[in-house]
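Pasted below: final.pdb, PDB, C-alpha atoms and all ligand atoms.
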```pdb
ATOM      1  CA  MET A  28     146.384 139.952  71.712
ATOM      2  CA  THR A  29     143.544 141.063  69.536
ATOM      3  CA  ARG A  30     141.384 138.797  67.399
ATOM      4  CA  SER A  31     143.012 140.125  64.218
ATOM      5  CA  ASP A  32     146.445 139.265  65.582
ATOM      6  CA  THR A  33     145.270 135.746  66.294
ATOM      7  CA  ARG A  34     143.981 135.365  62.722
ATOM      8  CA  TRP A  35     147.281 136.647  61.295
ATOM      9  CA  ILE A  36     149.299 134.178  63.377
ATOM     10  CA  ALA A  37     146.985 131.313  62.361
ATOM     11  CA  ARG A  38     147.341 132.203  58.634
ATOM     12  CA  ALA A  39     151.116 132.381  59.006
ATOM     13  CA  ILE A  40     151.218 128.942  60.646
ATOM     14  CA  VAL A  41     148.964 127.417  57.970
ATOM     15  CA  GLY A  42     151.016 129.004  55.173
ATOM     16  CA  LYS A  43     154.260 127.698  56.633
ATOM     17  CA  THR A  44     152.825 124.186  56.940
ATOM     18  CA  GLU A  45     151.652 124.260  53.286
ATOM     19  CA  ASN A  46     155.115 125.373  52.147
ATOM     20  CA  GLN A  47     156.682 122.496  54.098
ATOM     21  CA  ARG A  48     154.200 120.057  52.525
ATOM     22  CA  GLY A  49     155.092 121.393  49.051
ATOM     23  CA  PHE A  50     158.776 120.961  49.754
ATOM     24  CA  VAL A  51     158.251 117.393  51.023
ATOM     25  CA  LEU A  52     156.106 116.552  47.986
ATOM     26  CA  LEU A  53     158.757 117.920  45.635
ATOM     27  CA  THR A  54     161.455 115.934  47.419
ATOM     28  CA  VAL A  55     159.399 112.750  47.175
ATOM     29  CA  LEU A  56     158.794 113.306  43.458
ATOM     30  CA  TRP A  57     162.512 113.856  42.862
ATOM     31  CA  PHE A  58     163.307 110.748  44.852
ATOM     32  CA  ILE A  59     160.826 108.667  42.850
ATOM     33  CA  ALA A  60     162.259 110.053  39.598
ATOM     34  CA  LEU A  61     165.754 109.167  40.782
ATOM     35  CA  LEU A  62     164.665 105.626  41.671
ATOM     36  CA  MET A  63     163.060 105.215  38.237
ATOM     37  CA  LEU A  64     166.256 106.442  36.558
ATOM     38  CA  ILE A  65     168.356 103.994  38.574
ATOM     39  CA  ALA A  66     165.930 101.147  37.850
ATOM     40  CA  THR A  67     165.868 101.930  34.120
ATOM     41  CA  THR A  68     169.664 102.113  33.973
ATOM     42  CA  PHE A  69     169.934  98.812  35.842
ATOM     43  CA  ILE A  70     167.458  97.076  33.514
ATOM     44  CA  MET A  71     169.287  98.379  30.430
ATOM     45  CA  SER A  72     172.602  97.252  31.912
ATOM     46  CA  VAL A  73     171.239  93.759  32.599
ATOM     47  CA  ARG A  74     169.805  93.506  29.084
ATOM     48  CA  THR A  75     173.109  94.643  27.524
ATOM     49  CA  HIS A  76     175.073  92.252  29.712
ATOM     50  CA  THR A  77     172.701  89.400  28.828
ATOM     51  CA  ARG A  78     172.991  90.199  25.123
ATOM     52  CA  ILE A  79     176.804  90.362  25.288
ATOM     53  CA  SER A  80     176.930  87.106  27.256
ATOM     54  CA  GLY A  81     174.641  85.483  24.693
ATOM     55  CA  ASN A  82     176.820  86.694  21.810
ATOM     56  CA  GLN A  83     179.961  85.481  23.573
ATOM     57  CA  ALA A  84     178.353  82.082  24.193
ATOM     58  CA  HIS A  85     177.423  81.821  20.500
ATOM     59  CA  SER A  86     180.945  82.874  19.450
ATOM     60  CA  ILE A  87     182.491  80.249  21.727
ATOM     61  CA  GLU A  88     180.112  77.572  20.447
ATOM     62  CA  ALA A  89     180.922  78.479  16.825
ATOM     63  CA  ARG A  90     184.672  78.307  17.537
ATOM     64  CA  LEU A  91     184.345  74.936  19.251
ATOM     65  CA  ASN A  92     182.325  73.539  16.338
ATOM     66  CA  ALA A  93     184.812  74.849  13.751
ATOM     67  CA  ASP A  94     187.722  73.376  15.704
ATOM     68  CA  ALA A  95     185.908  70.052  16.093
ATOM     69  CA  ALA A  96     185.253  69.912  12.343
ATOM     70  CA  VAL A  97     188.945  70.541  11.558
ATOM     71  CA  ARG A  98     190.131  67.865  13.990
ATOM     72  CA  LEU A  99     187.613  65.294  12.765
ATOM     73  CA  ILE A 100     188.608  65.925   9.160
ATOM     74  CA  ALA A 101     192.320  65.682   9.995
ATOM     75  CA  TYR A 102     191.671  62.412  11.774
ATOM     76  CA  GLY A 103     189.643  61.122   8.818
ATOM     77  CA  LEU A 104     192.396  62.091   6.364
ATOM     78  CA  ALA A 105     194.996  60.331   8.516
ATOM     79  CA  THR A 106     193.038  57.120   8.881
ATOM     80  CA  THR A 107     191.512  56.797   5.408
ATOM     81  CA  PRO A 108     193.413  56.223   2.156
ATOM     82  CA  GLU A 109     193.414  59.427   0.069
ATOM     83  CA  THR A 110     191.589  57.966  -2.888
ATOM     84  CA  ALA A 111     188.901  56.408  -0.696
ATOM     85  CA  TYR A 112     188.528  59.715   1.108
ATOM     86  CA  ARG A 113     187.893  61.591  -2.119
ATOM     87  CA  LEU A 114     185.540  58.873  -3.350
ATOM     88  CA  SER A 115     183.475  59.469  -0.210
ATOM     89  CA  GLY A 116     182.605  62.868  -1.685
ATOM     90  CA  ARG A 117     184.914  64.951   0.514
ATOM     91  CA  SER A 118     187.119  66.598  -2.082
ATOM     92  CA  THR A 119     190.684  67.676  -1.246
ATOM     93  CA  ASP A 120     191.121  70.234  -4.026
ATOM     94  CA  GLY A 121     189.773  73.210  -2.119
ATOM     95  CA  ASN A 122     186.097  72.849  -3.069
ATOM     96  CA  ILE A 123     183.620  73.668  -0.315
ATOM     97  CA  PHE A 124     181.287  71.100   1.155
ATOM     98  CA  ALA A 125     179.157  70.918   4.309
ATOM     99  CA  CYS A 126     180.285  68.589   7.044
ATOM    100  CA  GLN A 127     178.012  67.313   9.783
ATOM    101  CA  LEU A 128     179.333  67.013  13.313
ATOM    102  CA  PRO A 129     178.243  64.120  15.546
ATOM    103  CA  ASP A 130     175.764  66.371  17.395
ATOM    104  CA  GLY A 131     174.066  67.348  14.145
ATOM    105  CA  GLU A 132     175.618  70.811  13.743
ATOM    106  CA  VAL A 133     176.883  71.575  10.244
ATOM    107  CA  ALA A 134     180.080  73.426   9.306
ATOM    108  CA  LEU A 135     181.271  74.653   5.929
ATOM    109  CA  VAL A 136     184.576  73.035   5.057
ATOM    110  CA  SER A 137     187.349  73.278   2.483
ATOM    111  CA  ILE A 138     190.246  70.816   2.264
ATOM    112  CA  GLN A 139     193.265  71.596   0.094
ATOM    113  CA  ASP A 140     195.951  68.975  -0.466
ATOM    114  CA  HIS A 141     199.271  70.819  -0.731
ATOM    115  CA  ALA A 142     200.324  68.460  -3.521
ATOM    116  CA  GLY A 143     198.050  70.597  -5.694
ATOM    117  CA  LEU A 144     199.843  73.851  -4.801
ATOM    118  CA  VAL A 145     203.116  75.401  -5.981
ATOM    119  CA  ASP A 146     205.935  74.924  -3.467
ATOM    120  CA  LEU A 147     207.887  78.170  -3.120
ATOM    121  CA  ASN A 148     211.075  76.325  -2.164
ATOM    122  CA  ALA A 149     211.004  73.464  -4.657
ATOM    123  CA  ALA A 150     209.182  74.735  -7.769
ATOM    124  CA  PRO A 151     211.447  75.371 -10.781
ATOM    125  CA  PRO A 152     211.276  78.790 -12.508
ATOM    126  CA  GLU A 153     208.968  77.536 -15.280
ATOM    127  CA  LEU A 154     206.334  76.334 -12.802
ATOM    128  CA  LEU A 155     206.544  79.627 -10.899
ATOM    129  CA  ARG A 156     206.175  81.457 -14.197
ATOM    130  CA  LYS A 157     202.985  79.481 -14.959
ATOM    131  CA  LEU A 158     201.674  80.365 -11.510
ATOM    132  CA  PHE A 159     202.015  84.099 -12.180
ATOM    133  CA  ILE A 160     200.553  83.735 -15.672
ATOM    134  CA  SER A 161     197.539  81.953 -14.126
ATOM    135  CA  VAL A 162     196.736  85.007 -11.977
ATOM    136  CA  GLY A 163     196.991  87.452 -14.865
ATOM    137  CA  SER A 164     200.627  88.574 -14.944
ATOM    138  CA  GLN A 165     202.131  89.481 -18.306
ATOM    139  CA  PRO A 166     204.696  86.898 -19.547
ATOM    140  CA  SER A 167     207.661  89.269 -19.079
ATOM    141  CA  ASP A 168     206.496  90.117 -15.537
ATOM    142  CA  ALA A 169     205.909  86.432 -14.783
ATOM    143  CA  ASP A 170     209.492  85.628 -15.902
ATOM    144  CA  TRP A 171     210.928  88.381 -13.717
ATOM    145  CA  LEU A 172     208.863  87.383 -10.653
ATOM    146  CA  ALA A 173     209.739  83.685 -11.039
ATOM    147  CA  ASN A 174     213.453  84.553 -11.192
ATOM    148  CA  ALA A 175     213.045  86.880  -8.207
ATOM    149  CA  ILE A 176     211.638  84.030  -6.107
ATOM    150  CA  VAL A 177     214.473  81.686  -7.099
ATOM    151  CA  ASP A 178     217.093  84.360  -6.353
ATOM    152  CA  PHE A 179     215.415  85.058  -3.003
ATOM    153  CA  ARG A 180     215.637  81.418  -1.876
ATOM    154  CA  ASP A 181     218.913  80.207  -3.428
ATOM    155  CA  PRO A 182     222.063  80.525  -1.287
ATOM    156  CA  ASP A 183     224.074  82.868  -3.524
ATOM    157  CA  ASN A 184     223.770  86.512  -4.526
ATOM    158  CA  ASP A 185     224.062  85.785  -8.251
ATOM    159  CA  SER A 186     221.271  87.069 -10.467
ATOM    160  CA  LEU A 187     219.287  84.377 -12.239
ATOM    161  CA  ASN A 188     218.449  85.276 -15.839
ATOM    162  CA  GLY A 189     218.055  88.945 -15.023
ATOM    163  CA  GLY A 190     216.410  88.421 -11.644
ATOM    164  CA  PRO A 191     216.883  91.142  -9.045
ATOM    165  CA  GLU A 192     220.205  91.696  -7.380
ATOM    166  CA  ILE A 193     220.677  93.557  -4.101
ATOM    167  CA  SER A 194     220.446  96.952  -5.828
ATOM    168  CA  ALA A 195     217.028  95.982  -7.203
ATOM    169  CA  TYR A 196     215.856  95.175  -3.663
ATOM    170  CA  GLN A 197     216.961  98.638  -2.566
ATOM    171  CA  ASP A 198     215.103 100.161  -5.516
ATOM    172  CA  HIS A 199     211.928  98.462  -4.196
ATOM    173  CA  GLY A 200     212.529  99.691  -0.646
ATOM    174  CA  LEU A 201     213.560  96.215   0.540
ATOM    175  CA  LEU A 202     216.748  97.075   2.397
ATOM    176  CA  ALA A 203     217.234  93.540   3.813
ATOM    177  CA  GLY A 204     218.024  92.137   0.360
ATOM    178  CA  PRO A 205     217.429  88.508  -0.629
ATOM    179  CA  LYS A 206     217.046  85.924   2.148
ATOM    180  CA  ASN A 207     219.277  83.395   0.345
ATOM    181  CA  GLY A 208     217.412  80.722   2.287
ATOM    182  CA  PHE A 209     214.150  78.784   2.127
ATOM    183  CA  PHE A 210     210.775  80.406   2.650
ATOM    184  CA  GLN A 211     209.419  79.486   6.084
ATOM    185  CA  SER A 212     205.991  80.927   5.290
ATOM    186  CA  ARG A 213     204.133  82.055   2.189
ATOM    187  CA  TRP A 214     203.852  85.489   3.811
ATOM    188  CA  GLU A 215     207.610  86.005   3.238
ATOM    189  CA  LEU A 216     206.672  86.658  -0.389
ATOM    190  CA  ASP A 217     206.193  90.309   0.571
ATOM    191  CA  GLN A 218     209.998  90.523   0.906
ATOM    192  CA  VAL A 219     210.455  89.620  -2.778
ATOM    193  CA  PRO A 220     210.852  92.546  -5.222
ATOM    194  CA  GLY A 221     207.892  93.021  -7.533
ATOM    195  CA  MET A 222     205.351  91.539  -5.147
ATOM    196  CA  ASN A 223     202.519  93.860  -4.161
ATOM    197  CA  SER A 224     199.490  93.319  -1.956
ATOM    198  CA  ASN A 225     197.163  92.493  -4.863
ATOM    199  CA  LEU A 226     199.560  89.926  -6.320
ATOM    200  CA  LEU A 227     200.197  88.443  -2.884
ATOM    201  CA  GLU A 228     196.459  88.128  -2.276
ATOM    202  CA  SER A 229     196.031  86.429  -5.661
ATOM    203  CA  ILE A 230     198.615  83.728  -5.099
ATOM    204  CA  GLU A 231     198.733  83.176  -1.310
ATOM    205  CA  ALA A 232     196.160  80.348  -1.462
ATOM    206  CA  ARG A 233     197.941  78.772  -4.453
ATOM    207  CA  VAL A 234     201.375  78.327  -2.902
ATOM    208  CA  THR A 235     202.856  76.297  -0.082
ATOM    209  CA  VAL A 236     206.126  75.798   1.746
ATOM    210  CA  PHE A 237     205.157  72.298   2.884
ATOM    211  CA  SER A 238     204.737  70.009  -0.147
ATOM    212  CA  ARG A 239     208.492  69.872  -0.935
ATOM    213  CA  SER A 240     207.490  68.886  -4.466
ATOM    214  CA  ASP A 241     208.894  70.367  -7.671
ATOM    215  CA  GLY A 242     205.665  69.556  -9.487
ATOM    216  CA  ILE A 243     201.879  69.438  -9.095
ATOM    217  CA  ASP A 244     199.438  66.578  -8.540
ATOM    218  CA  PRO A 245     196.685  67.286 -11.098
ATOM    219  CA  ASP A 246     194.157  65.183  -9.157
ATOM    220  CA  VAL A 247     194.022  67.659  -6.279
ATOM    221  CA  THR A 248     194.993  71.013  -7.776
ATOM    222  CA  PRO A 249     192.592  73.941  -8.018
ATOM    223  CA  LEU A 250     195.034  75.649 -10.417
ATOM    224  CA  ASP A 251     194.931  75.823 -14.194
ATOM    225  CA  LEU A 252     198.657  75.794 -14.955
ATOM    226  CA  GLN A 253     198.796  73.953 -18.317
ATOM    227  CA  LEU A 254     201.143  71.400 -16.818
ATOM    228  CA  SER A 255     203.646  69.528 -18.963
ATOM    229  CA  GLY A 256     204.258  65.834 -18.380
ATOM    230  CA  ASN A 257     207.466  66.359 -16.443
ATOM    231  CA  GLU A 258     205.708  68.679 -13.980
ATOM    232  CA  ILE A 259     203.211  66.074 -12.767
ATOM    233  CA  ARG A 260     203.880  64.484  -9.397
ATOM    234  CA  LYS A 261     201.512  62.041  -7.722
ATOM    235  CA  THR A 262     202.290  63.103  -4.175
ATOM    236  CA  GLN A 263     198.845  63.616  -2.669
ATOM    237  CA  GLY A 264     197.895  62.679   0.877
ATOM    238  CA  GLN A 265     200.683  64.263   2.925
ATOM    239  CA  THR A 266     199.858  67.855   3.924
ATOM    240  CA  PHE A 267     196.517  69.662   3.945
ATOM    241  CA  THR A 268     195.045  73.060   4.618
ATOM    242  CA  ILE A 269     191.699  72.556   6.338
ATOM    243  CA  ILE A 270     189.316  75.497   6.678
ATOM    244  CA  ALA A 271     186.105  75.143   8.683
ATOM    245  CA  GLU A 272     183.449  77.795   9.260
ATOM    246  CA  ALA A 273     180.758  77.265  11.885
ATOM    247  CA  LYS A 274     177.997  79.525  13.117
ATOM    248  CA  SER A 275     175.796  79.654  16.194
ATOM    249  CA  GLY A 276     172.795  81.877  16.729
ATOM    250  CA  ARG A 277     172.471  85.009  14.635
ATOM    251  CA  ARG A 278     175.889  86.514  15.326
ATOM    252  CA  GLY A 279     178.185  83.676  16.405
ATOM    253  CA  ARG A 280     180.511  82.736  13.563
ATOM    254  CA  PHE A 281     184.076  81.451  13.476
ATOM    255  CA  VAL A 282     186.546  80.346  10.790
ATOM    256  CA  ARG A 283     189.448  78.032  11.680
ATOM    257  CA  ARG A 284     192.323  77.615   9.225
ATOM    258  CA  ALA A 285     194.778  74.847   9.980
ATOM    259  CA  ILE A 286     197.604  73.104   8.158
ATOM    260  CA  VAL A 287     198.187  69.496   9.142
ATOM    261  CA  ARG A 288     200.737  66.915   8.078
ATOM    262  CA  ILE A 289     199.620  63.309   8.022
ATOM    263  CA  THR A 290     201.987  61.071   9.984
ATOM    264  CA  ARG A 291     199.798  57.968  10.530
ATOM    265  CA  GLN A 292     201.675  57.395  13.763
ATOM    266  CA  PRO A 293     199.784  55.427  16.430
ATOM    267  CA  GLY A 294     198.294  57.865  18.935
ATOM    268  CA  SER A 295     199.272  60.885  16.837
ATOM    269  CA  PRO A 296     198.084  60.288  13.279
ATOM    270  CA  TYR A 297     198.570  63.914  12.217
ATOM    271  CA  GLN A 298     200.779  66.882  13.154
ATOM    272  CA  VAL A 299     199.447  70.439  13.321
ATOM    273  CA  LEU A 300     201.783  72.787  11.415
ATOM    274  CA  SER A 301     199.618  75.896  11.627
ATOM    275  CA  TRP A 302     196.502  76.771  13.674
ATOM    276  CA  GLU A 303     195.102  80.220  13.076
ATOM    277  CA  ARG A 304     191.854  82.115  12.802
ATOM    278  CA  GLY A 305     190.692  82.268   9.190
ATOM    279  CA  LEU A 306     190.437  85.744   7.726
ATOM    280  CA  ASN A 307     188.011  84.893   4.933
ATOM    281  CA  ARG A 308     184.611  83.280   5.310
ATOM    282  CA  LEU A 309     183.799  80.285   3.158
ATOM    283  CA  SER A 310     180.183  81.489   3.205
ATOM    284  CA  ASP A 311     181.260  84.509   1.140
ATOM    285  CA  ARG A 312     181.817  82.101  -1.753
ATOM    286  CA  SER A 313     178.968  80.338  -3.536
ATOM    287  CA  THR A 314     177.623  77.757  -1.110
ATOM    288  CA  ALA A 315     174.242  76.891  -2.610
ATOM    289  CA  ASN A 316     173.177  73.224  -2.728
ATOM    290  CA  LEU A 317     176.312  71.920  -1.092
ATOM    291  CA  PRO A 318     176.520  68.205  -0.412
ATOM    292  CA  ILE A 319     176.466  67.321   3.292
ATOM    293  CA  ARG A 320     179.019  64.721   4.420
ATOM    294  CA  ALA A 321     180.039  63.378   7.789
ATOM    295  CA  CYS A 322     183.099  65.250   9.060
ATOM    296  CA  ALA A 323     184.954  62.002   9.744
TER
HETATM  297 CA    CA B   1     219.991  84.211  -3.715
END
```
Before anything else, please render the file you have as structure tokens.
Amino acid sequence: MTRSDTRWIARAIVGKTENQRGFVLLTVLWFIALLMLIATTFIMSVRTHTRISGNQAHSIEARLNADAAVRLIAYGLATTPETAYRLSGRSTDGNIFACQLPDGEVALVSIQDHAGLVDLNAAPPELLRKLFISVGSQPSDADWLANAIVDFRDPDNDSLNGGPEISAYQDHGLLAGPKNGFFQSRWELDQVPGMNSNLLESIEARVTVFSRSDGIDPDVTPLDLQLSGNEIRKTQGQTFTIIAEAKSGRRGRFVRRAIVRITRQPGSPYQVLSWERGLNRLSDRSTANLPIRACA
């Protein structure tokens, strides 16, 4: 082997070693990049999970506070005479006030005595007519709608003063016809001819199926119905819609809407008739400078 051959072999060996080093270096760099990608993904996942857990914790806390406010108010209504309750500053005509829970948290609250609402099963046509007038219906429309409600709930198929018969239901796409039985829920109004979503939205908070009264108690009504003397009934203190909205953190917020009947029975002073999540926030209404009262 000549000297030049030796040099050539040495250069070949050195070149091969440098190529291997380059390959190892590239592999290490890729590996480090992969580790960084995994670490970054893991950190982002932990942060997202922590944020979601925090939001869920706030949502749960808000729901618990709203539920606590409703139960405390129901208990207070059941154990305090109605007049004394209202004199304490906690109105029962649907106005909003702030109620403070025992741990200091504050919830927005609305209490509506059903004696101030129009009972779909007991109200006479004239009171129903005034209800529709109060939400902007024309007098002729209000007459027709009032008769439609009476025909829907009464046991026969006879038309009341031009109210809809079965053919009119079919004309409105209501193939089931009149129920000829009592409303079980205010949401059954959508089965009455002439009712549309806007009208239903206007009156759903003004009607009840629980007061069983053919009149209105003016002390607790939020409605402007121009009541005559024979439409006034002092029946407050029996059934209430209680709405409570609580919040926790920046995003946790919950609205509870419950209907309770006061029984004043030992150990069970009130009965829950409805317990649902509220669709509308009280905080969307004007809530500036609200008085703060104890919830119970
Ligand atoms: Ca009928």
Residues near Arg304 (chain A), cut-off 7 Å, all atoms listed in the file, skip fewer than 4 positions along chain, as a list of chain:residue names: A:Val282, A:Arg283, A:Arg284
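Run against this file, the PyMOL selection byres (((not hetatm)) within 6 of (chain B and resi 1)) gives back Asp178, Phe179, Arg180, Asp181, Pro182, Asp183, Asn184, Pro205 and Asn207 of chain A.
Here CA of Gly279 (chain A) stands at a distance of 6.3 Å from CA of Asn82 (chain A).
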Translate the PyMOL selection byres (((chain A and resi 232) around 10) and not hetatm) into a concrete residue list for this structure, as a PDB file with C-alpha atoms, in the frame of the given file.
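File produced: expr-v3.pdb:
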```pdb
ATOM      1  CA  GLY A 121     189.773  73.210  -2.119  1.00  0.00           C
ATOM      2  CA  GLN A 139     193.265  71.596   0.094  1.00  0.00           C
ATOM      3  CA  LEU A 144     199.843  73.851  -4.801  1.00  0.00           C
ATOM      4  CA  VAL A 145     203.116  75.401  -5.981  1.00  0.00           C
ATOM      5  CA  ARG A 213     204.133  82.055   2.189  1.00  0.00           C
ATOM      6  CA  LEU A 227     200.197  88.443  -2.884  1.00  0.00           C
ATOM      7  CA  GLU A 228     196.459  88.128  -2.276  1.00  0.00           C
ATOM      8  CA  SER A 229     196.031  86.429  -5.661  1.00  0.00           C
ATOM      9  CA  ILE A 230     198.615  83.728  -5.099  1.00  0.00           C
ATOM     10  CA  GLU A 231     198.733  83.176  -1.310  1.00  0.00           C
ATOM     11  CA  ARG A 233     197.941  78.772  -4.453  1.00  0.00           C
ATOM     12  CA  VAL A 234     201.375  78.327  -2.902  1.00  0.00           C
ATOM     13  CA  THR A 235     202.856  76.297  -0.082  1.00  0.00           C
ATOM     14  CA  PRO A 249     192.592  73.941  -8.018  1.00  0.00           C
ATOM     15  CA  THR A 268     195.045  73.060   4.618  1.00  0.00           C
TER      16      THR A 268
END
```
So that I can see what lies close to His85 (chain A), please list as a short mmCIF file (atom, residue, chain, number, x, y, z; two decimals) with C-alpha atoms, keeping the file's coordinate frame the residues with an atom at most 9 Å from it, counting all atoms listed in the file and leaving out residues fewer than 6 positions away in the same chain.
```
data_model
loop_
_atom_site.label_atom_id
_atom_site.label_comp_id
_atom_site.auth_asym_id
_atom_site.auth_seq_id
_atom_site.Cartn_x
_atom_site.Cartn_y
_atom_site.Cartn_z
CA LYS A 274 178.00 79.53 13.12
CA SER A 275 175.80 79.65 16.19
CA GLY A 276 172.80 81.88 16.73
CA ARG A 277 172.47 85.01 14.64
CA ARG A 278 175.89 86.51 15.33
CA GLY A 279 178.18 83.68 16.40
CA ARG A 280 180.51 82.74 13.56
#
```
